[in-house]
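Peer 1: Sharing run-v7.tsv here; it has TSV, C-alpha atoms and all ligand atoms.
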```tsv
chain	number	residue	atom	x	y	z
A	1	MET	CA	-10.26	12.63	25.92
A	2	ILE	CA	-6.51	11.96	25.73
A	3	GLU	CA	-3.67	13.32	27.84
A	4	VAL	CA	-0.95	15.02	25.79
A	5	GLY	CA	2.56	16.21	26.63
A	6	ILE	CA	4.70	18.65	24.66
A	7	ILE	CA	8.47	18.47	25.10
A	8	GLY	CA	10.19	21.61	23.82
A	9	ALA	CA	7.03	23.69	24.36
A	10	SER	CA	8.97	26.97	24.63
A	11	GLY	CA	10.00	26.84	20.97
A	12	TYR	CA	8.15	28.09	17.92
A	13	THR	CA	6.59	24.74	17.03
A	14	GLY	CA	5.85	24.09	20.71
A	15	GLY	CA	3.93	27.36	20.91
A	16	GLU	CA	1.97	26.46	17.80
A	17	LEU	CA	1.14	23.03	19.23
A	18	ILE	CA	-0.30	24.71	22.32
A	19	ARG	CA	-2.25	27.17	20.13
A	20	PHE	CA	-4.02	24.28	18.41
A	21	LEU	CA	-4.28	21.83	21.31
A	22	MET	CA	-5.59	24.28	23.91
A	23	LYS	CA	-8.86	24.47	21.95
A	24	HIS	CA	-9.02	20.78	20.96
A	25	PRO	CA	-12.13	19.22	22.63
A	26	ASP	CA	-10.51	15.78	22.92
A	27	VAL	CA	-7.16	16.86	24.39
A	28	ASP	CA	-5.95	17.66	27.90
A	29	ILE	CA	-2.44	19.11	27.84
A	30	VAL	CA	-0.86	17.57	30.93
A	31	ALA	CA	2.70	18.81	30.37
A	32	ALA	CA	4.42	21.58	28.43
A	33	THR	CA	8.09	21.21	29.20
A	34	SER	CA	10.85	23.78	29.15
A	35	ARG	CA	14.26	23.70	30.80
A	36	LYS	CA	14.71	27.49	30.54
A	37	PHE	CA	11.27	28.68	31.64
A	38	ASP	CA	10.33	26.28	34.42
A	39	ASP	CA	7.14	27.37	36.26
A	40	GLU	CA	6.63	30.40	33.95
A	41	PRO	CA	3.19	30.89	32.33
A	42	VAL	CA	3.37	29.90	28.66
A	43	TYR	CA	2.18	33.35	27.58
A	44	LYS	CA	5.44	34.81	28.90
A	45	VAL	CA	7.17	33.11	25.97
A	46	HIS	CA	4.20	32.88	23.58
A	47	PRO	CA	2.34	36.20	24.14
A	48	ASN	CA	-0.46	35.20	21.75
A	49	LEU	CA	-1.42	32.46	24.23
A	50	ARG	CA	-2.64	34.95	26.83
A	51	ASP	CA	-5.80	32.87	27.44
A	52	CYS	CA	-3.82	29.72	28.15
A	53	GLU	CA	-3.44	28.92	31.83
A	54	LEU	CA	-0.61	26.42	31.36
A	55	LYS	CA	2.79	26.83	32.96
A	56	PHE	CA	6.01	25.38	31.60
A	57	LYS	CA	7.47	22.64	33.73
A	58	ASN	CA	10.98	21.27	33.61
A	59	ILE	CA	9.87	17.66	33.69
A	60	GLU	CA	12.28	14.87	32.79
A	61	PRO	CA	10.82	12.93	29.80
A	62	SER	CA	11.17	9.72	31.85
A	63	LYS	CA	8.71	11.15	34.38
A	64	LEU	CA	6.04	11.99	31.80
A	65	GLU	CA	2.71	10.14	31.87
A	66	ALA	CA	0.50	10.75	28.82
A	67	ASP	CA	-1.28	9.02	25.94
A	68	LEU	CA	0.73	10.99	23.38
A	69	VAL	CA	3.82	13.20	23.50
A	70	PHE	CA	4.94	15.67	20.84
A	71	THR	CA	8.72	16.06	20.82
A	72	ALA	CA	9.20	19.58	19.47
A	73	THR	CA	12.94	19.31	20.06
A	74	PRO	CA	16.01	19.65	17.86
A	75	HIS	CA	17.34	16.77	15.82
A	76	GLY	CA	19.88	14.95	17.95
A	77	ALA	CA	17.82	15.72	21.07
A	78	SER	CA	14.69	13.82	20.02
A	79	MET	CA	16.64	10.61	19.52
A	80	LYS	CA	17.63	10.74	23.18
A	81	ILE	CA	14.05	11.31	24.34
A	82	VAL	CA	11.74	9.31	22.04
A	83	PRO	CA	12.86	5.75	22.88
A	84	GLU	CA	12.11	6.05	26.60
A	85	LEU	CA	8.62	7.38	25.81
A	86	ILE	CA	7.96	4.51	23.40
A	87	ASP	CA	9.23	2.06	26.03
A	88	LYS	CA	6.54	3.43	28.38
A	89	ASN	CA	3.89	2.77	25.69
A	90	ILE	CA	3.46	6.49	25.09
A	91	ARG	CA	2.71	7.23	21.43
A	92	VAL	CA	4.92	9.92	19.93
A	93	VAL	CA	4.85	12.48	17.13
A	94	ASP	CA	8.42	13.69	16.66
A	95	LEU	CA	8.84	17.00	14.87
A	96	SER	CA	12.60	16.63	14.35
A	97	GLY	CA	14.38	14.90	11.51
A	98	ASP	CA	15.63	12.05	13.73
A	99	TYR	CA	13.15	9.39	12.57
A	100	ARG	CA	12.19	10.44	9.02
A	101	PHE	CA	14.72	8.43	7.06
A	102	GLU	CA	14.33	4.70	6.51
A	103	SER	CA	18.09	4.27	6.62
A	104	THR	CA	20.25	5.27	9.59
A	105	GLU	CA	23.25	5.53	7.25
A	106	ILE	CA	21.55	8.18	5.12
A	107	TYR	CA	20.54	10.06	8.28
A	108	GLU	CA	24.10	10.04	9.62
A	109	LYS	CA	25.53	11.13	6.27
A	110	TRP	CA	23.25	14.19	6.00
A	111	TYR	CA	22.86	15.16	9.66
A	112	GLY	CA	26.56	14.66	10.35
A	113	PHE	CA	26.44	12.61	13.53
A	114	LYS	CA	25.70	9.08	14.67
A	115	HIS	CA	22.12	8.11	15.43
A	116	SER	CA	22.13	6.81	18.99
A	117	ASN	CA	18.66	5.23	19.00
A	118	PRO	CA	17.23	4.21	15.60
A	119	LEU	CA	13.56	3.18	15.65
A	120	ASN	CA	10.99	2.42	12.96
A	121	ALA	CA	8.56	5.26	12.38
A	122	VAL	CA	5.76	6.19	10.01
A	123	TYR	CA	6.46	9.27	7.91
A	124	GLY	CA	3.73	11.67	8.97
A	125	LEU	CA	2.52	13.10	5.67
A	126	PRO	CA	-1.21	12.26	5.79
A	127	GLU	CA	-1.69	12.75	2.04
A	128	ILE	CA	0.51	9.68	1.42
A	129	ASN	CA	0.45	7.65	4.67
A	130	ARG	CA	-3.03	8.21	6.15
A	131	LYS	CA	-3.69	4.50	6.88
A	132	GLU	CA	-0.28	3.77	8.37
A	133	ILE	CA	-0.37	6.87	10.59
A	134	LYS	CA	-3.62	5.71	12.20
A	135	HIS	CA	-1.88	2.65	13.67
A	136	ALA	CA	1.55	4.14	14.35
A	137	ASP	CA	3.22	4.32	17.76
A	138	LEU	CA	5.90	6.67	16.43
A	139	VAL	CA	5.18	9.25	13.71
A	140	ALA	CA	8.07	11.19	12.18
A	141	ASN	CA	6.63	14.57	11.25
A	142	PRO	CA	8.03	15.74	7.87
A	143	GLY	CA	10.35	18.68	7.50
A	144	CYS	CA	8.83	21.97	6.45
A	145	TYR	CA	10.54	22.15	3.04
A	146	PRO	CA	9.80	18.48	2.23
A	147	THR	CA	6.10	18.96	3.02
A	148	GLY	CA	5.55	21.67	0.41
A	149	ALA	CA	7.96	20.06	-2.06
A	150	ILE	CA	6.55	16.53	-1.91
A	151	LEU	CA	2.96	17.75	-2.29
A	152	ALA	CA	3.96	19.88	-5.29
A	153	CYS	CA	5.86	17.02	-6.97
A	154	LEU	CA	3.82	13.88	-6.17
A	155	PRO	CA	1.41	13.88	-9.16
A	156	ILE	CA	4.09	14.42	-11.82
A	157	VAL	CA	6.44	11.89	-10.18
A	158	SER	CA	3.65	9.32	-9.90
A	159	GLU	CA	3.05	9.62	-13.67
A	160	ASN	CA	6.79	9.63	-14.46
A	161	LEU	CA	6.32	12.80	-16.48
A	162	ALA	CA	9.74	14.32	-15.70
A	163	ASP	CA	13.12	12.59	-15.35
A	164	ASN	CA	14.62	15.65	-13.65
A	165	ILE	CA	12.92	18.03	-11.24
A	166	VAL	CA	14.40	21.14	-9.62
A	167	VAL	CA	12.82	22.17	-6.32
A	168	ASP	CA	13.52	25.79	-5.41
A	169	SER	CA	12.13	26.82	-1.99
A	170	LYS	CA	12.00	30.06	0.00
A	171	SER	CA	11.39	29.98	3.73
A	172	GLY	CA	10.60	32.59	6.36
A	173	VAL	CA	13.01	33.06	9.23
A	174	SER	CA	10.93	31.23	11.86
A	175	GLY	CA	12.06	28.06	10.11
A	176	ALA	CA	15.35	28.44	11.97
A	177	GLY	CA	13.70	28.29	15.39
A	178	VAL	CA	13.41	30.60	18.37
A	179	ASN	CA	17.11	30.93	19.17
A	180	PRO	CA	18.65	33.77	17.13
A	181	THR	CA	21.70	33.09	14.99
A	182	ASP	CA	24.00	35.19	12.83
A	183	THR	CA	21.89	34.15	9.83
A	184	THR	CA	18.62	35.20	11.45
A	185	HIS	CA	19.98	38.48	12.91
A	186	TYR	CA	17.70	41.15	11.43
A	187	PRO	CA	20.34	43.26	9.62
A	188	ASN	CA	21.76	40.07	8.12
A	189	CYS	CA	18.50	38.65	6.79
A	190	SER	CA	16.30	41.66	6.11
A	191	ASP	CA	16.09	43.23	2.60
A	192	SER	CA	17.67	40.21	0.95
A	193	VAL	CA	17.03	36.69	-0.33
A	194	SER	CA	19.76	34.19	0.49
A	195	PRO	CA	20.32	30.77	-1.03
A	196	TYR	CA	21.99	28.43	1.43
A	197	ALA	CA	23.15	24.81	1.56
A	198	VAL	CA	22.46	25.02	-2.17
A	199	THR	CA	23.41	21.40	-2.94
A	200	THR	CA	23.87	20.00	0.58
A	201	HIS	CA	20.63	20.61	2.49
A	202	ARG	CA	19.43	17.55	4.46
A	203	HIS	CA	15.91	18.05	3.08
A	204	GLY	CA	17.07	17.15	-0.41
A	205	PRO	CA	17.52	13.44	0.39
A	206	GLU	CA	14.33	13.45	2.49
A	207	ILE	CA	12.35	14.73	-0.51
A	208	GLN	CA	14.08	12.27	-2.85
A	209	GLU	CA	13.57	9.26	-0.55
A	210	LYS	CA	9.84	9.83	-0.19
A	211	LEU	CA	9.20	10.64	-3.87
A	212	SER	CA	11.26	7.62	-5.02
A	213	LYS	CA	8.45	5.41	-3.74
A	214	TYR	CA	6.20	6.80	-6.49
A	215	GLY	CA	8.44	7.26	-9.52
A	216	ASN	CA	11.94	7.56	-10.95
A	217	SER	CA	12.36	11.34	-11.10
A	218	LYS	CA	15.67	12.72	-9.90
A	219	VAL	CA	14.99	15.66	-7.59
A	220	SER	CA	17.44	18.51	-6.87
A	221	PHE	CA	16.71	20.88	-3.99
A	222	THR	CA	17.93	24.38	-3.09
A	223	PRO	CA	16.53	26.41	-0.15
A	224	HIS	CA	16.56	30.18	0.31
A	225	LEU	CA	15.99	32.37	3.35
A	226	VAL	CA	13.58	35.26	2.74
A	227	PRO	CA	12.83	38.19	5.10
A	228	VAL	CA	9.38	37.12	6.26
A	229	ILE	CA	8.46	35.55	9.57
A	230	ARG	CA	6.50	32.57	8.32
A	231	GLY	CA	5.87	30.76	5.07
A	232	ILE	CA	7.45	28.54	2.49
A	233	MET	CA	7.06	29.10	-1.25
A	234	THR	CA	8.26	26.18	-3.32
A	235	THR	CA	8.66	26.48	-7.09
A	236	VAL	CA	9.01	23.14	-8.87
A	237	HIS	CA	10.60	22.99	-12.36
A	238	GLY	CA	9.76	19.67	-14.01
A	239	PHE	CA	11.60	18.91	-17.26
A	240	LEU	CA	8.90	16.95	-19.06
A	241	THR	CA	9.66	13.79	-21.03
A	242	SER	CA	6.07	13.46	-22.26
A	243	ASP	CA	4.09	15.78	-24.51
A	244	VAL	CA	1.29	16.77	-22.17
A	245	SER	CA	-0.78	19.95	-21.95
A	246	PRO	CA	-1.12	22.32	-18.98
A	247	GLU	CA	-4.81	21.36	-18.89
A	248	TYR	CA	-3.85	17.69	-18.50
A	249	ILE	CA	-1.47	18.58	-15.67
A	250	HIS	CA	-4.09	20.72	-13.93
A	251	GLU	CA	-6.67	17.91	-14.11
A	252	LEU	CA	-4.06	15.47	-12.81
A	253	TYR	CA	-3.50	17.58	-9.69
A	254	LYS	CA	-7.21	18.13	-9.10
A	255	GLU	CA	-7.86	14.39	-9.26
A	256	PHE	CA	-4.79	13.52	-7.17
A	257	TYR	CA	-5.77	15.78	-4.28
A	258	ASP	CA	-9.54	15.42	-4.60
A	259	GLY	CA	-10.96	15.09	-1.08
A	260	GLU	CA	-7.76	16.08	0.74
A	261	PRO	CA	-8.86	18.45	3.54
A	262	PHE	CA	-5.70	20.56	3.54
A	263	VAL	CA	-4.63	20.73	-0.11
A	264	ARG	CA	-6.13	23.38	-2.40
A	265	VAL	CA	-5.41	23.05	-6.14
A	266	LEU	CA	-5.66	26.59	-7.52
A	267	GLU	CA	-6.72	27.60	-11.03
A	268	LYS	CA	-4.32	27.00	-13.92
A	269	GLY	CA	-2.04	30.04	-14.09
A	270	GLU	CA	-2.92	31.15	-10.54
A	271	SER	CA	0.14	31.56	-8.29
A	272	PRO	CA	-0.07	30.54	-4.62
A	273	ARG	CA	0.72	33.13	-1.95
A	274	MET	CA	2.48	32.71	1.39
A	275	SER	CA	0.00	35.04	3.10
A	276	SER	CA	-3.06	33.03	2.00
A	277	VAL	CA	-1.92	30.04	4.09
A	278	ARG	CA	-0.28	31.99	6.94
A	279	GLY	CA	-1.36	30.50	10.27
A	280	SER	CA	-3.35	27.75	8.54
A	281	ASN	CA	-2.69	24.07	7.85
A	282	ASN	CA	-3.50	24.50	4.16
A	283	CYS	CA	-1.17	23.88	1.23
A	284	HIS	CA	-2.02	25.89	-1.90
A	285	ILE	CA	-0.72	24.47	-5.20
A	286	GLY	CA	-0.82	26.53	-8.39
A	287	CYS	CA	0.75	27.67	-11.72
A	288	PHE	CA	0.57	24.46	-13.86
A	289	GLU	CA	2.24	26.18	-16.79
A	290	ILE	CA	4.61	24.72	-19.44
A	291	ASP	CA	7.18	26.83	-21.35
A	292	GLU	CA	8.46	26.34	-24.93
A	293	ASN	CA	11.30	24.18	-23.61
A	294	GLY	CA	8.87	21.68	-22.11
A	295	ARG	CA	9.55	22.90	-18.57
A	296	LEU	CA	6.53	22.51	-16.29
A	297	VAL	CA	6.22	24.97	-13.38
A	298	VAL	CA	4.14	24.08	-10.31
A	299	ALA	CA	4.32	26.07	-7.05
A	300	SER	CA	3.13	25.39	-3.51
A	301	SER	CA	2.80	27.56	-0.42
A	302	ILE	CA	2.56	26.49	3.22
A	303	ASP	CA	3.13	27.98	6.66
A	304	ASN	CA	6.36	26.35	7.83
A	305	LEU	CA	5.17	26.29	11.45
A	306	VAL	CA	1.73	24.88	10.67
A	307	LYS	CA	1.44	22.56	7.66
A	308	GLY	CA	5.25	22.40	7.80
A	309	ALA	CA	5.27	21.38	11.46
A	310	SER	CA	2.68	21.74	14.25
A	311	GLY	CA	-0.57	21.74	12.28
A	312	GLN	CA	0.57	18.60	10.47
A	313	ALA	CA	1.60	17.09	13.82
A	314	VAL	CA	-1.91	17.66	15.21
A	315	HIS	CA	-3.37	16.25	11.99
A	316	ASN	CA	-1.30	13.13	12.66
A	317	MET	CA	-2.58	13.01	16.25
A	318	ASN	CA	-6.18	13.30	15.01
A	319	LEU	CA	-5.57	10.32	12.72
A	320	MET	CA	-3.76	8.28	15.42
A	321	PHE	CA	-6.65	8.66	17.87
A	322	GLY	CA	-9.58	8.60	15.48
A	323	PHE	CA	-10.56	12.24	15.99
A	324	LYS	CA	-12.06	14.35	13.20
A	325	GLU	CA	-9.06	14.89	10.90
A	326	THR	CA	-9.49	18.65	10.75
A	327	GLU	CA	-10.28	19.15	14.44
A	328	SER	CA	-8.71	22.39	15.79
A	329	ILE	CA	-6.50	22.89	12.71
A	330	ASP	CA	-9.10	24.08	10.15
A	331	ASN	CA	-8.58	27.83	10.52
A	332	ILE	CA	-8.20	29.84	7.31
A	333	GLY	CA	-5.11	31.83	6.29
A	334	LEU	CA	-4.97	35.62	6.04
A	335	HIS	CA	-5.37	38.28	3.37
A	336	PRO	CA	-3.65	40.65	2.92
A	401	LIG	N1	10.69	26.00	12.81
A	401	LIG	C1	10.16	25.32	11.81
A	401	LIG	O1	9.60	25.91	10.85
A	401	LIG	C2	10.21	23.82	11.80
A	401	LIG	C3	10.91	23.12	12.76
A	401	LIG	N2	10.94	21.74	12.68
A	401	LIG	C4	11.67	20.96	13.68
A	401	LIG	O2	10.88	20.93	14.88
A	401	LIG	C5	11.73	20.91	16.01
A	401	LIG	C6	11.43	22.12	16.87
A	401	LIG	O3	11.62	23.24	16.05
A	401	LIG	P1	11.43	24.71	16.63
A	401	LIG	O4	10.22	24.78	17.49
A	401	LIG	O5	11.55	25.66	15.49
A	401	LIG	O6	12.73	24.81	17.55
A	401	LIG	P2	13.04	25.89	18.69
A	401	LIG	O7	14.51	26.00	18.73
A	401	LIG	O8	12.19	27.09	18.46
A	401	LIG	O9	12.53	25.17	20.03
A	401	LIG	C7	13.06	23.95	20.44
A	401	LIG	C8	12.82	23.87	21.92
A	401	LIG	O10	13.28	22.60	22.37
A	401	LIG	C9	13.82	22.73	23.67
A	401	LIG	N3	15.02	21.89	23.72
A	401	LIG	C10	16.18	22.08	23.06
A	401	LIG	N4	17.03	21.07	23.34
A	401	LIG	C11	16.38	20.24	24.19
A	401	LIG	C12	16.74	19.02	24.86
A	401	LIG	N5	17.94	18.48	24.67
A	401	LIG	N6	15.83	18.44	25.66
A	401	LIG	C13	14.60	18.99	25.84
A	401	LIG	N7	14.20	20.15	25.23
A	401	LIG	C14	15.10	20.75	24.43
A	401	LIG	C15	14.13	24.19	23.91
A	401	LIG	O11	13.40	24.61	25.04
A	401	LIG	P3	14.06	24.72	26.51
A	401	LIG	O12	15.52	25.07	26.32
A	401	LIG	O13	13.28	25.82	27.15
A	401	LIG	O14	13.84	23.38	27.12
A	401	LIG	C16	13.61	24.92	22.68
A	401	LIG	O15	12.76	25.99	22.99
A	401	LIG	C17	13.16	20.89	15.47
A	401	LIG	O16	13.61	19.57	15.33
A	401	LIG	C18	13.00	21.51	14.08
A	401	LIG	O17	14.04	21.09	13.23
A	401	LIG	C19	10.27	21.04	11.71
A	401	LIG	C20	9.55	21.71	10.76
A	401	LIG	C21	9.49	23.15	10.73
A	402	LIG	C1	14.91	28.82	7.42
A	402	LIG	C2	15.52	27.60	8.07
A	402	LIG	O1	16.53	27.66	8.73
A	402	LIG	N1	14.87	26.45	7.91
A	402	LIG	C3	15.38	25.21	8.52
A	402	LIG	C4	14.33	24.13	8.31
A	402	LIG	C5	13.78	23.67	9.65
A	402	LIG	C6	13.02	22.39	9.55
A	402	LIG	O2	12.23	22.10	8.71
A	402	LIG	O3	13.30	21.52	10.51
A	402	LIG	P1	13.83	20.03	10.28
A	402	LIG	O4	15.26	20.19	10.23
A	402	LIG	O5	13.31	19.35	11.50
A	402	LIG	O6	13.22	19.51	9.07
A	402	LIG	C7	16.67	24.73	7.88
A	402	LIG	O7	16.93	25.02	6.72
A	402	LIG	O8	17.35	23.99	8.60
```
Take the structure I supplied and represent it as structure tokens, if you would.
Ligand SMILES: NC(=O)C1=CN([C@@H]2O[C@H](COP(=O)(O)OP(=O)(O)OC[C@H]3O[C@@H](n4cnc5c(N)ncnc54)[C@H](OP(=O)(O)O)[C@@H]3O)[C@@H](O)[C@H]2O)C=CC1
Ligand SMILES: CC(=O)N[C@@H](CCC(=O)OP(=O)(O)O)C(=O)O
Peer 2:
Amino acid sequence: MIEVGIIGASGYTGGELIRFLMKHPDVDIVAATSRKFDDEPVYKVHPNLRDCELKFKNIEPSKLEADLVFTATPHGASMKIVPELIDKNIRVVDLSGDYRFESTEIYEKWYGFKHSNPLNAVYGLPEINRKEIKHADLVANPGCYPTGAILACLPIVSENLADNIVVDSKSGVSGAGVNPTDTTHYPNCSDSVSPYAVTTHRHGPEIQEKLSKYGNSKVSFTPHLVPVIRGIMTTVHGFLTSDVSPEYIHELYKEFYDGEPFVRVLEKGESPRMSSVRGSNNCHIGCFEIDENGRLVVASSIDNLVKGASGQAVHNMNLMFGFKETESIDNIGLHP
């Protein structure tokens, strides 16, 4: 049994962490912090957690005592919290972008402010860093877009099959967090699909940095906001430099992800759906088709709050503490 704290528990990813951890047999949640909802039952903010007896507490991070803390806090906030937890020998899974890049300079360029407390961290994508995560004191949980994009691109990048890859992603509105903005205001985001940060999104360099460890492909990323609550659909366009067949590509993906508990390689020609992974930690990868121009199309779907955030964070915790990898995060998505 380990004692776990959640900082930022009143947010969307915080609520999802509680949803998974409250039923985890090896976890005792000793703190769920919130500055706004101190002493309120968690179900007041997360009504699905009616059976959870926890109350939010406005506890200073420096006062926390736990084996592991999840920092489900915004980028810029985590960097002010994580170091003092690490100094107290508390292991940390940070859900923000503050510790994902290997270079502070790249972080500061794309996040637009100085990093006050750089630390070394392991990038928490189990499909590529399983061994390192097990021994990590600080795990940087990947961004939601990068998770679906990297998993969709890894096999073709590893075989250097495409010099240029376009990653086109669509995300549900919960990706923006619990605090409403002009962008997430219903009349502004309903009934439309909106590209944003089309060449400047900070997830582009995160995707490129991680994939560059496996091959030389140049990756270009554009996100879109779509009027659904949860889900990320990523369509990858790989401009092939080798004459390979769709069957070869499909076999490549099946071999690459063989044995991975949370990646499902669909049939050739089968498109993934957002709904099929909704609420689950699964990533569905499909299409595997090549057009007459030699453009390969692969698509992946994830739930931005689960595989894109809290489910992946619990997966990392399971690895860090030697629990069954799929413990408490093996629920199946929905249909319809
Ligand atoms: N939403 C998503 O799909 C994904 C989000 N992420 C990342 O995960 C992190 C959390 O995201 P999400 O749950 O959506 O965010 P939310 O905005 O929904 O929640 C963040 C919570 O953090 C708390 N908080 C904010 N600032 C501070 C601070 N300075 N100190 C302590 N607590 C603070 C707030 O609670 P209170 O004010 O009550 O203390 C707030 O509820 C972010 O870094 C986000 O970028 C990563 C992948 C996917
Ligand atoms: C729809 C939407 O707004 N999505 C968020 C992605 C949130 C996320 O993944 O958080 P990190 O910044 O911690 O990676 C965005 O584009 O900023």
Peer 1: Got a sec to check which residues lie within 7 Å of ligand LIG 401 (chain A), using only C-alpha atoms and all ligand atoms, and send them as a PyMOL selection string?
Peer 2: chain A and resi 7-14+33-37+72-75+77+95-97+142-144+174-179+304-305+308-309
Peer 1: Convert the current residue selection to file output with C-alpha atoms, as a PDB file, in the frame of the given file.
Peer 2:
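Final output, result11.pdb:
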```
ATOM      1  CA  ILE A   7       8.470  18.470  25.100  1.00  0.00           C
ATOM      2  CA  GLY A   8      10.190  21.610  23.820  1.00  0.00           C
ATOM      3  CA  ALA A   9       7.030  23.690  24.360  1.00  0.00           C
ATOM      4  CA  SER A  10       8.970  26.970  24.630  1.00  0.00           C
ATOM      5  CA  GLY A  11      10.000  26.840  20.970  1.00  0.00           C
ATOM      6  CA  TYR A  12       8.150  28.090  17.920  1.00  0.00           C
ATOM      7  CA  THR A  13       6.590  24.740  17.030  1.00  0.00           C
ATOM      8  CA  GLY A  14       5.850  24.090  20.710  1.00  0.00           C
ATOM      9  CA  THR A  33       8.090  21.210  29.200  1.00  0.00           C
ATOM     10  CA  SER A  34      10.850  23.780  29.150  1.00  0.00           C
ATOM     11  CA  ARG A  35      14.260  23.700  30.800  1.00  0.00           C
ATOM     12  CA  LYS A  36      14.710  27.490  30.540  1.00  0.00           C
ATOM     13  CA  PHE A  37      11.270  28.680  31.640  1.00  0.00           C
ATOM     14  CA  ALA A  72       9.200  19.580  19.470  1.00  0.00           C
ATOM     15  CA  THR A  73      12.940  19.310  20.060  1.00  0.00           C
ATOM     16  CA  PRO A  74      16.010  19.650  17.860  1.00  0.00           C
ATOM     17  CA  HIS A  75      17.340  16.770  15.820  1.00  0.00           C
ATOM     18  CA  ALA A  77      17.820  15.720  21.070  1.00  0.00           C
ATOM     19  CA  LEU A  95       8.840  17.000  14.870  1.00  0.00           C
ATOM     20  CA  SER A  96      12.600  16.630  14.350  1.00  0.00           C
ATOM     21  CA  GLY A  97      14.380  14.900  11.510  1.00  0.00           C
ATOM     22  CA  PRO A 142       8.030  15.740   7.870  1.00  0.00           C
ATOM     23  CA  GLY A 143      10.350  18.680   7.500  1.00  0.00           C
ATOM     24  CA  CYS A 144       8.830  21.970   6.450  1.00  0.00           C
ATOM     25  CA  SER A 174      10.930  31.230  11.860  1.00  0.00           C
ATOM     26  CA  GLY A 175      12.060  28.060  10.110  1.00  0.00           C
ATOM     27  CA  ALA A 176      15.350  28.440  11.970  1.00  0.00           C
ATOM     28  CA  GLY A 177      13.700  28.290  15.390  1.00  0.00           C
ATOM     29  CA  VAL A 178      13.410  30.600  18.370  1.00  0.00           C
ATOM     30  CA  ASN A 179      17.110  30.930  19.170  1.00  0.00           C
ATOM     31  CA  ASN A 304       6.360  26.350   7.830  1.00  0.00           C
ATOM     32  CA  LEU A 305       5.170  26.290  11.450  1.00  0.00           C
ATOM     33  CA  GLY A 308       5.250  22.400   7.800  1.00  0.00           C
ATOM     34  CA  ALA A 309       5.270  21.380  11.460  1.00  0.00           C
TER      35      ALA A 309
END
```
Peer 1: Quick one: residues within 9 Å of segment 263-274 of chain A, all atoms listed in the file, excluding same-chain residues fewer than 5 positions away - as an MDAnalysis selection string?
Peer 2: chainID A and resid 127 151 230:233 246:247 250 253:254 257:258 281:289 298:303
Peer 1: Choose the residue, out of A:Ser169, A:Asn331, A:Asn293, A:Thr222, that has the smallest atom-to-atom separation from Ala197 of chain A; count all atoms listed in the file.
Peer 2: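 Among the listed residues, A:Thr222 lies closest to Ala197 of chain A.
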Peer 1: From the list A:Tyr186, A:Phe70, A:Tyr145, A:Phe56, which residue is nearest ligand LIG 402 (chain A) when using only C-alpha atoms and all ligand atoms?
Peer 2: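 Checking each of A:Tyr186, A:Phe70, A:Tyr145, A:Phe56 against ligand LIG 402 (chain A), counting only C-alpha atoms and all ligand atoms, the winner is A:Tyr145.
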Peer 1: Could you work out an axis-aligned box for ligand LIG 402 (chain A), taking every atom the file lists and adding 6 Å on each side, and report centre and edge lengths in Å to one decimal, as AutoDock Vina command-line options?
Peer 2:
```
--center_x 14.8 --center_y 24.1 --center_z 9.1 --size_x 17.1 --size_y 21.5 --size_z 16.8
```
Peer 1: Fewer than 4 positions away in the same chain doesn't count, so skip those; otherwise give me all residues within 8 Å of Ser275 of chain A, counting only C-alpha atoms, as a list in words.
Peer 2: Gly231, Gly333, Leu334, His335 and Pro336 of chain A
Peer 1: Quick one, how far is atom O1 of ligand LIG 402 (chain A) from atom CA of Ser276 of chain A?
Peer 2: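 Computing the Euclidean distance for atom O1 of ligand LIG 402 (chain A) and atom CA of Ser276 of chain A yields 21.4 Å.
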Peer 1: Tell me which protein, DNA and RNA residues are within 12 Å of Ser103 of chain A, counting only C-alpha atoms, leaving out same-chain ones fewer than 5 positions away, and put them as a PyMOL selection string.
Peer 2: chain A and resi 98+108-110+115+118-121+205-206+209
Peer 1: Select, from A:Asp291, A:Asp94, A:Glu65, A:Asp87, the residue with the minimum atom-to-atom distance to ligand LIG 402 (chain A), counting only C-alpha atoms and all ligand atoms.
Peer 2: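 Using only C-alpha atoms and all ligand atoms, ligand LIG 402 (chain A) sits closest to A:Asp94.
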